[in-house]
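Structure data (PDB, N, CA and C atoms) from entry.pdb:
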```
ATOM      1  N   MET A   1     -26.269 115.626  65.893
ATOM      2  CA  MET A   1     -25.359 116.006  64.837
ATOM      3  C   MET A   1     -25.708 117.423  64.390
ATOM      4  N   SER A   2     -24.698 118.249  64.195
ATOM      5  CA  SER A   2     -24.963 119.627  63.784
ATOM      6  C   SER A   2     -25.289 119.702  62.298
ATOM      7  N   ALA A   3     -25.907 120.789  61.902
ATOM      8  CA  ALA A   3     -26.404 120.938  60.532
ATOM      9  C   ALA A   3     -25.285 120.968  59.494
ATOM     10  N   GLY A   4     -24.076 121.382  59.854
ATOM     11  CA  GLY A   4     -22.998 121.519  58.888
ATOM     12  C   GLY A   4     -22.163 120.278  58.667
ATOM     13  N   ARG A   5     -22.415 119.227  59.387
ATOM     14  CA  ARG A   5     -21.580 118.024  59.280
ATOM     15  C   ARG A   5     -22.014 117.139  58.136
ATOM     16  N   VAL A   6     -21.042 116.483  57.532
ATOM     17  CA  VAL A   6     -21.293 115.526  56.457
ATOM     18  C   VAL A   6     -20.862 114.161  56.962
ATOM     19  N   THR A   7     -21.743 113.183  56.833
ATOM     20  CA  THR A   7     -21.403 111.838  57.276
ATOM     21  C   THR A   7     -20.587 111.133  56.206
ATOM     22  N   GLY A   8     -19.953 110.052  56.584
ATOM     23  CA  GLY A   8     -19.205 109.253  55.621
ATOM     24  C   GLY A   8     -20.104 108.711  54.527
ATOM     25  N   LEU A   9     -21.320 108.322  54.885
ATOM     26  CA  LEU A   9     -22.258 107.811  53.890
ATOM     27  C   LEU A   9     -22.640 108.900  52.892
ATOM     28  N   GLN A  10     -22.870 110.098  53.374
ATOM     29  CA  GLN A  10     -23.200 111.199  52.473
ATOM     30  C   GLN A  10     -22.044 111.490  51.520
ATOM     31  N   ALA A  11     -20.835 111.482  52.033
ATOM     32  CA  ALA A  11     -19.657 111.726  51.194
ATOM     33  C   ALA A  11     -19.510 110.626  50.148
ATOM     34  N   ALA A  12     -19.768 109.386  50.542
ATOM     35  CA  ALA A  12     -19.686 108.269  49.600
ATOM     36  C   ALA A  12     -20.751 108.396  48.514
ATOM     37  N   GLN A  13     -21.941 108.835  48.879
ATOM     38  CA  GLN A  13     -23.012 109.014  47.890
ATOM     39  C   GLN A  13     -22.646 110.081  46.869
ATOM     40  N   VAL A  14     -22.054 111.173  47.323
ATOM     41  CA  VAL A  14     -21.637 112.240  46.416
ATOM     42  C   VAL A  14     -20.528 111.742  45.501
ATOM     43  N   ALA A  15     -19.573 111.021  46.052
ATOM     44  CA  ALA A  15     -18.466 110.490  45.251
ATOM     45  C   ALA A  15     -18.966 109.494  44.215
ATOM     46  N   LEU A  16     -19.882 108.623  44.610
ATOM     47  CA  LEU A  16     -20.433 107.643  43.673
ATOM     48  C   LEU A  16     -21.225 108.334  42.565
ATOM     49  N   ALA A  17     -22.004 109.331  42.910
ATOM     50  CA  ALA A  17     -22.761 110.078  41.900
ATOM     51  C   ALA A  17     -21.817 110.745  40.903
ATOM     52  N   ALA A  18     -20.709 111.284  41.384
ATOM     53  CA  ALA A  18     -19.734 111.919  40.493
ATOM     54  C   ALA A  18     -19.093 110.887  39.568
ATOM     55  N   LEU A  19     -18.757 109.726  40.109
ATOM     56  CA  LEU A  19     -18.190 108.654  39.280
ATOM     57  C   LEU A  19     -19.176 108.202  38.214
ATOM     58  N   LEU A  20     -20.422 108.000  38.601
ATOM     59  CA  LEU A  20     -21.433 107.572  37.637
ATOM     60  C   LEU A  20     -21.618 108.600  36.534
ATOM     61  N   ALA A  21     -21.622 109.869  36.888
ATOM     62  CA  ALA A  21     -21.767 110.925  35.887
ATOM     63  C   ALA A  21     -20.582 110.918  34.922
ATOM     64  N   ALA A  22     -19.391 110.741  35.437
ATOM     65  CA  ALA A  22     -18.200 110.704  34.582
ATOM     66  C   ALA A  22     -18.241 109.488  33.667
ATOM     67  N   TRP A  23     -18.607 108.335  34.218
ATOM     68  CA  TRP A  23     -18.673 107.120  33.399
ATOM     69  C   TRP A  23     -19.747 107.246  32.333
ATOM     70  N   GLN A  24     -20.846 107.886  32.656
ATOM     71  CA  GLN A  24     -21.926 108.042  31.681
ATOM     72  C   GLN A  24     -21.461 108.895  30.489
ATOM     73  N   ARG A  25     -20.636 109.896  30.770
ATOM     74  CA  ARG A  25     -20.111 110.736  29.687
ATOM     75  C   ARG A  25     -19.078 109.981  28.844
ATOM     76  N   GLN A  26     -18.332 109.075  29.463
ATOM     77  CA  GLN A  26     -17.220 108.416  28.780
ATOM     78  C   GLN A  26     -17.632 107.155  28.031
ATOM     79  N   LEU A  27     -18.683 106.505  28.470
ATOM     80  CA  LEU A  27     -19.070 105.216  27.907
ATOM     81  C   LEU A  27     -20.249 105.363  26.955
ATOM     82  N   SER A  28     -20.366 104.385  26.062
ATOM     83  CA  SER A  28     -21.550 104.336  25.205
ATOM     84  C   SER A  28     -22.754 103.952  26.081
ATOM     85  N   PRO A  29     -23.967 104.198  25.599
ATOM     86  CA  PRO A  29     -25.139 103.806  26.394
ATOM     87  C   PRO A  29     -25.149 102.311  26.745
ATOM     88  N   GLN A  30     -24.732 101.482  25.824
ATOM     89  CA  GLN A  30     -24.695 100.036  26.086
ATOM     90  C   GLN A  30     -23.649  99.696  27.152
ATOM     91  N   GLU A  31     -22.471 100.298  27.046
ATOM     92  CA  GLU A  31     -21.422 100.038  28.037
ATOM     93  C   GLU A  31     -21.849 100.527  29.416
ATOM     94  N   TYR A  32     -22.499 101.669  29.452
ATOM     95  CA  TYR A  32     -22.960 102.217  30.722
ATOM     96  C   TYR A  32     -24.015 101.309  31.350
ATOM     97  N   ALA A  33     -24.906 100.778  30.529
ATOM     98  CA  ALA A  33     -25.928  99.849  31.036
ATOM     99  C   ALA A  33     -25.279  98.600  31.612
ATOM    100  N   VAL A  34     -24.250  98.094  30.951
ATOM    101  CA  VAL A  34     -23.538  96.914  31.450
ATOM    102  C   VAL A  34     -22.860  97.236  32.784
ATOM    103  N   LEU A  35     -22.244  98.406  32.868
ATOM    104  CA  LEU A  35     -21.602  98.818  34.115
ATOM    105  C   LEU A  35     -22.616  98.887  35.255
ATOM    106  N   LEU A  36     -23.773  99.505  35.006
ATOM    107  CA  LEU A  36     -24.801  99.598  36.044
ATOM    108  C   LEU A  36     -25.299  98.221  36.463
ATOM    109  N   ASP A  37     -25.467  97.324  35.497
ATOM    110  CA  ASP A  37     -25.905  95.966  35.812
ATOM    111  C   ASP A  37     -24.867  95.264  36.688
ATOM    112  N   LEU A  38     -23.586  95.417  36.335
ATOM    113  CA  LEU A  38     -22.519  94.809  37.120
ATOM    114  C   LEU A  38     -22.507  95.354  38.545
ATOM    115  N   LEU A  39     -22.629  96.664  38.682
ATOM    116  CA  LEU A  39     -22.650  97.269  40.015
ATOM    117  C   LEU A  39     -23.847  96.784  40.828
ATOM    118  N   ALA A  40     -25.010  96.689  40.189
ATOM    119  CA  ALA A  40     -26.207  96.217  40.891
ATOM    120  C   ALA A  40     -26.022  94.780  41.371
ATOM    121  N   ARG A  41     -25.445  93.939  40.521
ATOM    122  CA  ARG A  41     -25.211  92.542  40.917
ATOM    123  C   ARG A  41     -24.240  92.453  42.086
ATOM    124  N   GLN A  42     -23.182  93.258  42.042
ATOM    125  CA  GLN A  42     -22.220  93.235  43.142
ATOM    126  C   GLN A  42     -22.839  93.726  44.438
ATOM    127  N   LEU A  43     -23.670  94.759  44.357
ATOM    128  CA  LEU A  43     -24.341  95.256  45.554
ATOM    129  C   LEU A  43     -25.318  94.228  46.115
ATOM    130  N   GLU A  44     -26.018  93.518  45.241
ATOM    131  CA  GLU A  44     -26.923  92.467  45.702
ATOM    132  C   GLU A  44     -26.154  91.359  46.404
ATOM    133  N   GLN A  45     -25.017  90.965  45.852
ATOM    134  CA  GLN A  45     -24.196  89.931  46.478
ATOM    135  C   GLN A  45     -23.678  90.387  47.837
ATOM    136  N   GLU A  46     -23.255  91.643  47.922
ATOM    137  CA  GLU A  46     -22.762  92.177  49.190
ATOM    138  C   GLU A  46     -23.886  92.236  50.218
ATOM    139  N   GLN A  47     -25.075  92.594  49.769
ATOM    140  CA  GLN A  47     -26.212  92.646  50.681
ATOM    141  C   GLN A  47     -26.524  91.254  51.231
ATOM    142  N   GLN A  48     -26.470  90.254  50.379
ATOM    143  CA  GLN A  48     -26.710  88.881  50.828
ATOM    144  C   GLN A  48     -25.605  88.424  51.780
ATOM    145  N   ARG A  49     -24.368  88.764  51.442
ATOM    146  CA  ARG A  49     -23.239  88.355  52.292
ATOM    147  C   ARG A  49     -23.336  89.003  53.665
ATOM    148  N   ALA A  50     -23.814  90.213  53.698
ATOM    149  CA  ALA A  50     -23.897  90.941  54.962
ATOM    150  C   ALA A  50     -25.136  90.566  55.768
ATOM    151  N   GLY A  51     -25.900  89.616  55.285
ATOM    152  CA  GLY A  51     -27.070  89.160  56.038
ATOM    153  C   GLY A  51     -28.269  90.079  55.897
ATOM    154  N   ARG A  52     -28.347  90.734  54.768
ATOM    155  CA  ARG A  52     -29.491  91.630  54.480
ATOM    156  C   ARG A  52     -29.664  92.688  55.547
ATOM    157  N   TRP A  53     -28.561  93.306  55.964
ATOM    158  CA  TRP A  53     -28.631  94.339  56.989
ATOM    159  C   TRP A  53     -29.305  95.601  56.468
ATOM    160  N   ALA A  54     -29.337  95.770  55.148
ATOM    161  CA  ALA A  54     -29.926  96.998  54.581
ATOM    162  C   ALA A  54     -31.089  96.647  53.678
ATOM    163  N   ALA A  55     -32.042  95.942  54.215
ATOM    164  CA  ALA A  55     -33.181  95.476  53.415
ATOM    165  C   ALA A  55     -34.022  96.586  52.853
TER     166      ALA A  55
END
```

I'd like the structure from this file rewritten - as structure tokens, please.
Amino acid sequence: MSAGRVTGLQAAQVALAALLAAWQRQLSPQEYAVLLDLLARQLEQEQQRAGRWAA
């Protein structure tokens, strides 16, 4: 892979970071904590469903 290419995973990481930053500015600290907890739970469920491919 050449040095200038961006993978889909890298693009998704940048997009997710931008979303999290926007949500952090818009939500109260408590609401943001709830959002992060919800996202973590969903990611854990997806990891289990996928057979722990990304342990």

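As for CA of Gln13 in chain A and CA of Gln48 in chain A, they are spaced 20.7 Å apart.
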
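Atom N of Val14 in chain A to atom N of Ala33 in chain A spans 20.0 Å [interatomic distance, one decimal].
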
### Message
DSSP on the backbone: which residues in chain A end up as alpha helix (DSSP H)? Give the answer as a ChimeraX atom specification.
### Response
/A:8-26,29-49

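For the pair CA of Gln42 in chain A and atom C of Arg5 in chain A, the interatomic distance is 28.2 Å.
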